[in-house]
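What's in data_22.cif: mmCIF, N, CA and C atoms
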```cif
data_model
#
loop_
_atom_site.label_atom_id
_atom_site.label_comp_id
_atom_site.auth_asym_id
_atom_site.auth_seq_id
_atom_site.Cartn_x
_atom_site.Cartn_y
_atom_site.Cartn_z
N MET A 538 7.59 54.50 8.92
CA MET A 538 7.94 53.64 7.81
C MET A 538 7.24 52.29 8.01
N LYS A 539 6.75 51.70 6.91
CA LYS A 539 6.15 50.38 6.93
C LYS A 539 6.85 49.51 5.91
N GLN A 540 7.23 48.32 6.33
CA GLN A 540 7.81 47.34 5.42
C GLN A 540 7.11 46.01 5.63
N CYS A 541 7.15 45.17 4.61
CA CYS A 541 6.63 43.81 4.74
C CYS A 541 7.38 42.92 3.77
N LEU A 542 7.36 41.64 4.03
CA LEU A 542 7.91 40.68 3.10
C LEU A 542 6.84 40.45 2.05
N SER A 543 7.08 40.87 0.82
CA SER A 543 6.04 40.82 -0.20
C SER A 543 6.01 39.50 -0.95
N ALA A 544 7.16 38.83 -1.09
CA ALA A 544 7.17 37.59 -1.85
C ALA A 544 8.37 36.73 -1.45
N VAL A 545 8.22 35.45 -1.69
CA VAL A 545 9.31 34.48 -1.55
C VAL A 545 9.22 33.57 -2.77
N SER A 546 10.37 33.17 -3.30
CA SER A 546 10.39 32.29 -4.48
C SER A 546 10.57 30.85 -4.05
N ILE A 547 9.85 29.97 -4.72
CA ILE A 547 10.04 28.54 -4.54
C ILE A 547 10.42 27.98 -5.90
N ILE A 548 11.55 27.28 -5.94
CA ILE A 548 12.00 26.67 -7.19
C ILE A 548 11.20 25.39 -7.41
N VAL A 549 10.63 25.28 -8.60
CA VAL A 549 9.79 24.13 -8.95
C VAL A 549 10.28 23.50 -10.25
N SER A 550 9.85 22.29 -10.49
CA SER A 550 10.27 21.60 -11.72
C SER A 550 9.39 21.95 -12.91
N ASP A 551 8.16 22.39 -12.65
CA ASP A 551 7.21 22.64 -13.74
C ASP A 551 6.16 23.65 -13.26
N TYR A 552 5.95 24.69 -14.04
CA TYR A 552 4.97 25.72 -13.66
C TYR A 552 3.57 25.15 -13.46
N ASP A 553 3.11 24.36 -14.44
CA ASP A 553 1.73 23.88 -14.39
C ASP A 553 1.51 22.91 -13.23
N LYS A 554 2.48 22.05 -12.97
CA LYS A 554 2.41 21.14 -11.83
C LYS A 554 2.35 21.93 -10.53
N ALA A 555 3.12 23.00 -10.45
CA ALA A 555 3.13 23.84 -9.25
C ALA A 555 1.79 24.58 -9.07
N ILE A 556 1.28 25.13 -10.15
CA ILE A 556 -0.02 25.82 -10.09
C ILE A 556 -1.09 24.84 -9.63
N ASP A 557 -1.09 23.64 -10.18
CA ASP A 557 -2.07 22.63 -9.79
C ASP A 557 -1.98 22.33 -8.30
N PHE A 558 -0.77 22.10 -7.79
CA PHE A 558 -0.63 21.77 -6.38
C PHE A 558 -1.08 22.93 -5.49
N TYR A 559 -0.53 24.10 -5.73
CA TYR A 559 -0.82 25.21 -4.84
C TYR A 559 -2.26 25.70 -4.94
N CYS A 560 -2.82 25.69 -6.13
CA CYS A 560 -4.19 26.20 -6.31
C CYS A 560 -5.25 25.13 -6.09
N GLN A 561 -5.03 23.92 -6.56
CA GLN A 561 -6.05 22.88 -6.42
C GLN A 561 -5.97 22.19 -5.05
N LYS A 562 -4.79 21.81 -4.63
CA LYS A 562 -4.66 21.06 -3.38
C LYS A 562 -4.64 21.95 -2.14
N LEU A 563 -3.98 23.11 -2.25
CA LEU A 563 -3.91 24.00 -1.08
C LEU A 563 -4.97 25.10 -1.12
N GLY A 564 -5.58 25.31 -2.27
CA GLY A 564 -6.62 26.34 -2.36
C GLY A 564 -6.10 27.75 -2.49
N PHE A 565 -4.84 27.91 -2.90
CA PHE A 565 -4.28 29.24 -3.09
C PHE A 565 -4.92 29.90 -4.31
N GLU A 566 -4.79 31.22 -4.37
CA GLU A 566 -5.23 32.01 -5.53
C GLU A 566 -4.08 32.14 -6.52
N LEU A 567 -4.37 31.98 -7.79
CA LEU A 567 -3.39 32.29 -8.84
C LEU A 567 -3.50 33.77 -9.13
N LEU A 568 -2.45 34.51 -8.82
CA LEU A 568 -2.46 35.97 -9.01
C LEU A 568 -2.02 36.36 -10.41
N GLU A 569 -0.91 35.75 -10.86
CA GLU A 569 -0.35 36.10 -12.16
C GLU A 569 0.23 34.86 -12.82
N ASP A 570 0.07 34.78 -14.13
CA ASP A 570 0.74 33.77 -14.94
C ASP A 570 1.04 34.45 -16.27
N ILE A 571 2.20 35.08 -16.34
CA ILE A 571 2.56 35.91 -17.47
C ILE A 571 3.71 35.26 -18.25
N ASP A 572 3.46 34.96 -19.51
CA ASP A 572 4.49 34.39 -20.37
C ASP A 572 5.49 35.48 -20.73
N GLN A 573 6.76 35.25 -20.39
CA GLN A 573 7.82 36.21 -20.69
C GLN A 573 8.76 35.69 -21.77
N GLY A 574 8.29 34.73 -22.54
CA GLY A 574 9.14 34.16 -23.58
C GLY A 574 9.93 32.98 -23.07
N ARG A 575 11.10 33.23 -22.50
CA ARG A 575 11.94 32.13 -22.02
C ARG A 575 11.50 31.60 -20.66
N LYS A 576 10.64 32.35 -19.96
CA LYS A 576 10.12 31.90 -18.66
C LYS A 576 8.76 32.54 -18.42
N ARG A 577 8.11 32.14 -17.34
CA ARG A 577 6.83 32.72 -16.95
C ARG A 577 6.97 33.37 -15.59
N TRP A 578 6.17 34.39 -15.35
CA TRP A 578 6.08 35.04 -14.04
C TRP A 578 4.78 34.53 -13.42
N VAL A 579 4.93 33.62 -12.44
CA VAL A 579 3.78 32.96 -11.83
C VAL A 579 3.79 33.26 -10.34
N THR A 580 2.69 33.85 -9.86
CA THR A 580 2.57 34.13 -8.43
C THR A 580 1.25 33.58 -7.90
N VAL A 581 1.31 33.09 -6.66
CA VAL A 581 0.15 32.56 -5.95
C VAL A 581 0.19 33.08 -4.52
N ARG A 582 -0.96 32.99 -3.85
CA ARG A 582 -0.99 33.32 -2.43
C ARG A 582 -2.16 32.61 -1.78
N PRO A 583 -2.05 32.36 -0.48
CA PRO A 583 -3.17 31.75 0.23
C PRO A 583 -4.39 32.66 0.17
N LYS A 584 -5.57 32.04 0.07
CA LYS A 584 -6.80 32.84 0.07
C LYS A 584 -6.87 33.60 1.39
N GLY A 585 -7.23 34.86 1.28
CA GLY A 585 -7.32 35.71 2.47
C GLY A 585 -6.04 36.46 2.78
N ALA A 586 -4.93 36.05 2.20
CA ALA A 586 -3.67 36.77 2.40
C ALA A 586 -3.72 38.06 1.59
N THR A 587 -3.10 39.10 2.10
CA THR A 587 -3.15 40.37 1.40
C THR A 587 -1.78 40.91 0.99
N GLU A 588 -0.73 40.52 1.66
CA GLU A 588 0.56 41.12 1.36
C GLU A 588 1.58 40.14 0.80
N THR A 589 1.69 38.96 1.36
CA THR A 589 2.74 38.05 0.95
C THR A 589 2.26 37.12 -0.15
N GLN A 590 3.12 36.91 -1.14
CA GLN A 590 2.82 35.98 -2.22
C GLN A 590 4.03 35.09 -2.48
N ILE A 591 3.80 34.03 -3.23
CA ILE A 591 4.86 33.10 -3.60
C ILE A 591 5.09 33.21 -5.10
N VAL A 592 6.35 33.36 -5.48
CA VAL A 592 6.73 33.32 -6.88
C VAL A 592 7.16 31.89 -7.17
N LEU A 593 6.46 31.25 -8.10
CA LEU A 593 6.81 29.89 -8.51
C LEU A 593 7.82 30.00 -9.64
N ALA A 594 9.05 29.62 -9.37
CA ALA A 594 10.16 29.81 -10.30
C ALA A 594 10.62 28.46 -10.83
N GLN A 595 10.37 28.21 -12.11
CA GLN A 595 10.78 26.94 -12.70
C GLN A 595 12.29 26.92 -12.86
N ALA A 596 12.90 25.84 -12.40
CA ALA A 596 14.35 25.69 -12.51
C ALA A 596 14.78 25.81 -13.98
N SER A 597 15.84 26.58 -14.20
CA SER A 597 16.28 26.81 -15.58
C SER A 597 17.69 26.29 -15.87
N ASN A 598 18.32 25.69 -14.87
CA ASN A 598 19.64 25.10 -15.10
C ASN A 598 19.87 23.96 -14.10
N GLU A 599 20.95 23.26 -14.26
CA GLU A 599 21.23 22.09 -13.42
C GLU A 599 21.38 22.46 -11.94
N ALA A 600 22.03 23.56 -11.65
CA ALA A 600 22.22 23.97 -10.26
C ALA A 600 20.87 24.23 -9.58
N GLN A 601 19.97 24.89 -10.30
CA GLN A 601 18.64 25.16 -9.74
C GLN A 601 17.84 23.86 -9.61
N GLN A 602 17.96 22.96 -10.57
CA GLN A 602 17.24 21.69 -10.49
C GLN A 602 17.64 20.89 -9.26
N LYS A 603 18.91 20.97 -8.88
CA LYS A 603 19.39 20.26 -7.69
C LYS A 603 18.77 20.82 -6.40
N LEU A 604 18.32 22.06 -6.45
CA LEU A 604 17.76 22.71 -5.25
C LEU A 604 16.26 22.52 -5.10
N ILE A 605 15.61 21.93 -6.09
CA ILE A 605 14.16 21.71 -5.98
C ILE A 605 13.89 20.86 -4.75
N GLY A 606 13.07 21.38 -3.86
CA GLY A 606 12.73 20.68 -2.63
C GLY A 606 13.77 20.77 -1.54
N GLN A 607 14.88 21.43 -1.80
CA GLN A 607 15.97 21.50 -0.82
C GLN A 607 16.29 22.93 -0.38
N GLN A 608 15.46 23.88 -0.73
CA GLN A 608 15.74 25.27 -0.35
C GLN A 608 15.78 25.45 1.16
N GLY A 609 15.09 24.61 1.88
CA GLY A 609 15.08 24.70 3.34
C GLY A 609 16.02 23.71 3.99
N ALA A 610 16.92 23.10 3.22
CA ALA A 610 17.91 22.16 3.73
C ALA A 610 17.25 21.04 4.54
N ASP A 611 16.13 20.51 4.00
CA ASP A 611 15.38 19.41 4.60
C ASP A 611 14.73 19.77 5.94
N ARG A 612 14.53 21.06 6.16
CA ARG A 612 13.82 21.55 7.35
C ARG A 612 12.53 22.23 6.92
N VAL A 613 11.61 22.37 7.84
CA VAL A 613 10.44 23.20 7.58
C VAL A 613 10.94 24.62 7.38
N TRP A 614 10.54 25.24 6.28
CA TRP A 614 10.95 26.63 6.06
C TRP A 614 9.79 27.49 5.58
N LEU A 615 8.64 26.89 5.41
CA LEU A 615 7.45 27.62 4.99
C LEU A 615 6.34 27.34 6.00
N PHE A 616 5.57 28.36 6.34
CA PHE A 616 4.59 28.25 7.40
C PHE A 616 3.25 28.78 6.90
N LEU A 617 2.27 27.88 6.81
CA LEU A 617 0.93 28.25 6.37
C LEU A 617 0.06 28.37 7.60
N GLN A 618 -0.23 29.60 7.99
CA GLN A 618 -1.04 29.85 9.18
C GLN A 618 -2.52 29.86 8.81
N THR A 619 -3.33 29.23 9.65
CA THR A 619 -4.76 29.13 9.43
C THR A 619 -5.53 29.56 10.67
N ASP A 620 -6.79 29.90 10.47
CA ASP A 620 -7.65 30.22 11.62
C ASP A 620 -8.44 28.99 12.08
N ASP A 621 -8.31 27.86 11.37
CA ASP A 621 -8.99 26.62 11.75
C ASP A 621 -8.15 25.44 11.26
N PHE A 622 -7.26 24.98 12.12
CA PHE A 622 -6.33 23.92 11.75
C PHE A 622 -7.05 22.67 11.27
N TYR A 623 -8.00 22.17 12.05
CA TYR A 623 -8.63 20.89 11.74
C TYR A 623 -9.46 20.94 10.46
N ARG A 624 -10.09 22.06 10.17
CA ARG A 624 -10.81 22.23 8.90
C ARG A 624 -9.85 22.10 7.73
N ASP A 625 -8.75 22.85 7.79
CA ASP A 625 -7.80 22.85 6.68
C ASP A 625 -7.03 21.54 6.57
N HIS A 626 -6.67 20.95 7.69
CA HIS A 626 -5.97 19.66 7.69
C HIS A 626 -6.83 18.61 7.01
N LYS A 627 -8.10 18.54 7.37
CA LYS A 627 -9.02 17.57 6.78
C LYS A 627 -9.16 17.80 5.27
N ALA A 628 -9.33 19.05 4.86
CA ALA A 628 -9.48 19.38 3.44
C ALA A 628 -8.22 19.03 2.66
N MET A 629 -7.07 19.31 3.23
CA MET A 629 -5.80 19.02 2.55
C MET A 629 -5.59 17.52 2.42
N LEU A 630 -5.90 16.76 3.46
CA LEU A 630 -5.80 15.30 3.38
C LEU A 630 -6.70 14.76 2.28
N ALA A 631 -7.93 15.28 2.21
CA ALA A 631 -8.90 14.82 1.21
C ALA A 631 -8.41 15.09 -0.21
N LYS A 632 -7.56 16.11 -0.38
CA LYS A 632 -7.04 16.45 -1.71
C LYS A 632 -5.68 15.80 -1.99
N GLY A 633 -5.24 14.95 -1.07
CA GLY A 633 -4.01 14.19 -1.30
C GLY A 633 -2.74 14.85 -0.85
N VAL A 634 -2.82 15.89 -0.03
CA VAL A 634 -1.60 16.51 0.50
C VAL A 634 -0.94 15.53 1.47
N LYS A 635 0.36 15.36 1.34
CA LYS A 635 1.12 14.41 2.15
C LYS A 635 1.59 15.06 3.45
N PHE A 636 1.01 14.60 4.57
CA PHE A 636 1.46 15.05 5.88
C PHE A 636 2.51 14.07 6.39
N LEU A 637 3.55 14.60 7.01
CA LEU A 637 4.65 13.78 7.50
C LEU A 637 4.47 13.39 8.95
N GLU A 638 3.43 13.90 9.59
CA GLU A 638 3.16 13.61 10.99
C GLU A 638 1.69 13.87 11.29
N SER A 639 1.25 13.37 12.42
CA SER A 639 -0.10 13.66 12.90
C SER A 639 -0.11 15.05 13.53
N PRO A 640 -1.28 15.68 13.60
CA PRO A 640 -1.36 16.98 14.27
C PRO A 640 -0.88 16.87 15.71
N ARG A 641 -0.22 17.93 16.16
CA ARG A 641 0.26 17.95 17.55
C ARG A 641 -0.04 19.30 18.17
N GLU A 642 -0.30 19.24 19.46
CA GLU A 642 -0.55 20.45 20.25
C GLU A 642 0.77 20.91 20.84
N GLU A 643 1.14 22.14 20.57
CA GLU A 643 2.35 22.74 21.11
C GLU A 643 1.96 23.98 21.91
N PRO A 644 2.84 24.50 22.74
CA PRO A 644 2.51 25.70 23.51
C PRO A 644 2.11 26.88 22.62
N TYR A 645 2.64 26.93 21.39
CA TYR A 645 2.35 28.05 20.48
C TYR A 645 1.14 27.79 19.59
N GLY A 646 0.63 26.53 19.54
CA GLY A 646 -0.53 26.26 18.71
C GLY A 646 -0.61 24.82 18.25
N ILE A 647 -1.50 24.56 17.32
CA ILE A 647 -1.68 23.24 16.71
C ILE A 647 -0.89 23.25 15.40
N VAL A 648 -0.15 22.17 15.16
CA VAL A 648 0.75 22.15 14.00
C VAL A 648 0.92 20.74 13.45
N ALA A 649 1.17 20.64 12.15
CA ALA A 649 1.59 19.40 11.51
C ALA A 649 2.42 19.76 10.29
N VAL A 650 3.43 18.96 10.03
CA VAL A 650 4.32 19.18 8.89
C VAL A 650 3.75 18.46 7.67
N PHE A 651 3.71 19.19 6.55
CA PHE A 651 3.35 18.56 5.29
C PHE A 651 4.40 18.90 4.24
N GLU A 652 4.33 18.18 3.13
CA GLU A 652 5.31 18.34 2.06
C GLU A 652 4.57 18.74 0.79
N ASP A 653 5.13 19.69 0.06
CA ASP A 653 4.52 20.03 -1.23
C ASP A 653 4.98 19.02 -2.29
N GLU A 654 4.51 19.20 -3.51
CA GLU A 654 4.83 18.27 -4.60
C GLU A 654 6.31 18.21 -4.93
N PHE A 655 7.07 19.14 -4.43
CA PHE A 655 8.49 19.26 -4.80
C PHE A 655 9.43 18.87 -3.67
N GLY A 656 8.85 18.52 -2.51
CA GLY A 656 9.67 18.10 -1.37
C GLY A 656 9.93 19.17 -0.34
N ASN A 657 9.38 20.37 -0.53
CA ASN A 657 9.54 21.42 0.47
C ASN A 657 8.67 21.11 1.68
N LYS A 658 9.23 21.32 2.86
CA LYS A 658 8.49 21.05 4.09
C LYS A 658 7.84 22.33 4.60
N TRP A 659 6.59 22.18 4.95
CA TRP A 659 5.75 23.27 5.44
C TRP A 659 5.17 22.89 6.81
N ASP A 660 4.88 23.89 7.62
CA ASP A 660 4.02 23.72 8.78
C ASP A 660 2.64 24.26 8.43
N LEU A 661 1.60 23.47 8.70
CA LEU A 661 0.25 24.00 8.77
C LEU A 661 0.07 24.32 10.24
N ILE A 662 -0.26 25.56 10.56
CA ILE A 662 -0.26 25.98 11.96
C ILE A 662 -1.43 26.89 12.28
N GLU A 663 -2.05 26.62 13.41
CA GLU A 663 -3.04 27.54 13.98
C GLU A 663 -2.43 28.03 15.29
N LYS A 664 -2.07 29.30 15.33
CA LYS A 664 -1.44 29.85 16.54
C LYS A 664 -2.47 30.07 17.64
N ARG A 665 -2.01 29.98 18.85
CA ARG A 665 -2.87 30.24 20.03
C ARG A 665 -3.06 31.72 20.18
#
```
Now, as a test, write the supplied structure out as structure tokens.
Amino acid sequence: MKQCLSAVSIIVSDYDKAIDFYCQKLGFELLEDIDQGRKRWVTVRPKGATETQIVLAQASNEAQQKLIGQQGADRVWLFLQTDDFYRDHKAMLAKGVKFLESPREEPYGIVAVFEDEFGNKWDLIEKR
């Protein structure tokens, strides 16, 4: 038997703002943007990724709006793994991605925390 985590949803305030951030600033691929009438089905994934994707889910009520940027309870909960930390860190800085710390060397790899447009905390990480 084979299983994998195929998708994770991130609650966002606006589909187009989210597509711009993830595709323009992070360089993700836009996989789907399907108008379903009352909402859209929008998926993105990092270039080179083959199995896992992100569903960008626009908040549709007050309870969901309160969770924008807080799905990880103010902790890093998303991890963007790269094969070249310094290349991607430099490119992300040049595109205006907000890093919350300088790169640091850890026993498991090189890492720095950044924040998306909605307040979600991510690790950019190159594993050893």
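A straight line drawn from atom C of Phe651 in chain A to atom N of Phe636 in chain A is 5.5 Å long.
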Next item on the list: For Ile647 in chain A, please output as a list in words all residues within 8 Å (counting only N, CA and C atoms; exclusion window: fewer than 5 positions along the same chain).
Entry: Phe622, Tyr623, Pro640, Arg641, Glu642, Asp660, Leu661, Ile662, Glu663, Lys664 and Arg665 of chain A
Once you count only N, CA and C atoms, what closest atom pair and distance in Å to one decimal does each residue of range 577-643 of chain A within 8 Å of range 548-570 of chain A have, with rows by chain and rising residue number, as JSON lines?
```
{"residue": "A:Arg577", "atom": "C", "partner": "A:Asp570", "partner_atom": "C", "distance": 6.1}
{"residue": "A:Trp578", "atom": "C", "partner": "A:Asp570", "partner_atom": "CA", "distance": 4.4}
{"residue": "A:Val579", "atom": "CA", "partner": "A:Glu569", "partner_atom": "C", "distance": 4.1}
{"residue": "A:Thr580", "atom": "C", "partner": "A:Leu568", "partner_atom": "N", "distance": 3.9}
{"residue": "A:Val581", "atom": "CA", "partner": "A:Glu566", "partner_atom": "C", "distance": 4.3}
{"residue": "A:Arg582", "atom": "C", "partner": "A:Glu566", "partner_atom": "N", "distance": 3.9}
{"residue": "A:Pro583", "atom": "CA", "partner": "A:Phe565", "partner_atom": "CA", "distance": 4.3}
{"residue": "A:Lys584", "atom": "N", "partner": "A:Phe565", "partner_atom": "CA", "distance": 4.4}
{"residue": "A:Gly585", "atom": "N", "partner": "A:Glu566", "partner_atom": "N", "distance": 7.2}
{"residue": "A:Val592", "atom": "C", "partner": "A:Ile548", "partner_atom": "N", "distance": 6.5}
{"residue": "A:Leu593", "atom": "C", "partner": "A:Val549", "partner_atom": "N", "distance": 5.6}
{"residue": "A:Ala594", "atom": "C", "partner": "A:Val549", "partner_atom": "N", "distance": 3.9}
{"residue": "A:Gln595", "atom": "CA", "partner": "A:Val549", "partner_atom": "C", "distance": 4.3}
{"residue": "A:Ala596", "atom": "N", "partner": "A:Val549", "partner_atom": "C", "distance": 4.1}
{"residue": "A:Ser597", "atom": "N", "partner": "A:Val549", "partner_atom": "C", "distance": 7.5}
{"residue": "A:Gln601", "atom": "C", "partner": "A:Ile548", "partner_atom": "CA", "distance": 6.9}
{"residue": "A:Gln602", "atom": "CA", "partner": "A:Ser550", "partner_atom": "CA", "distance": 7.1}
{"residue": "A:Leu604", "atom": "C", "partner": "A:Ile548", "partner_atom": "C", "distance": 6.3}
{"residue": "A:Ile605", "atom": "CA", "partner": "A:Ile548", "partner_atom": "C", "distance": 4.9}
{"residue": "A:Gly606", "atom": "N", "partner": "A:Ile548", "partner_atom": "C", "distance": 5.7}
{"residue": "A:Gln607", "atom": "N", "partner": "A:Ile548", "partner_atom": "C", "distance": 7.8}
{"residue": "A:Gln608", "atom": "CA", "partner": "A:Ile548", "partner_atom": "N", "distance": 7.3}
{"residue": "A:Ala628", "atom": "C", "partner": "A:Lys562", "partner_atom": "C", "distance": 6.7}
{"residue": "A:Met629", "atom": "CA", "partner": "A:Lys562", "partner_atom": "C", "distance": 5.7}
{"residue": "A:Leu630", "atom": "N", "partner": "A:Lys562", "partner_atom": "C", "distance": 7.7}
{"residue": "A:Ala631", "atom": "C", "partner": "A:Lys562", "partner_atom": "CA", "distance": 7.7}
{"residue": "A:Lys632", "atom": "CA", "partner": "A:Lys562", "partner_atom": "CA", "distance": 5.5}
{"residue": "A:Gly633", "atom": "N", "partner": "A:Lys562", "partner_atom": "CA", "distance": 6.6}
{"residue": "A:Val634", "atom": "N", "partner": "A:Lys562", "partner_atom": "CA", "distance": 6.4}
```
Item checked: Members of chain A assigned strand (DSSP E or B) by DSSP, as a ChimeraX atom specification -> /A:544-549,566-572,577-582,590-595,613-618,635-636,641-643,646-652,658-664
Next item on the list: Any chance you could list, as number ranges by chain, the residues in chain A that come up helix (DSSP H, G or I) when DSSP is run on the backbone?
Entry: A: 552-562, 599-604, 622-631
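Closest approach to Thr589 in chain A from the set A:Asn657, A:Ser639, A:Thr619, A:Ser543 is made by A:Ser543, with distances taken over only C-alpha atoms.
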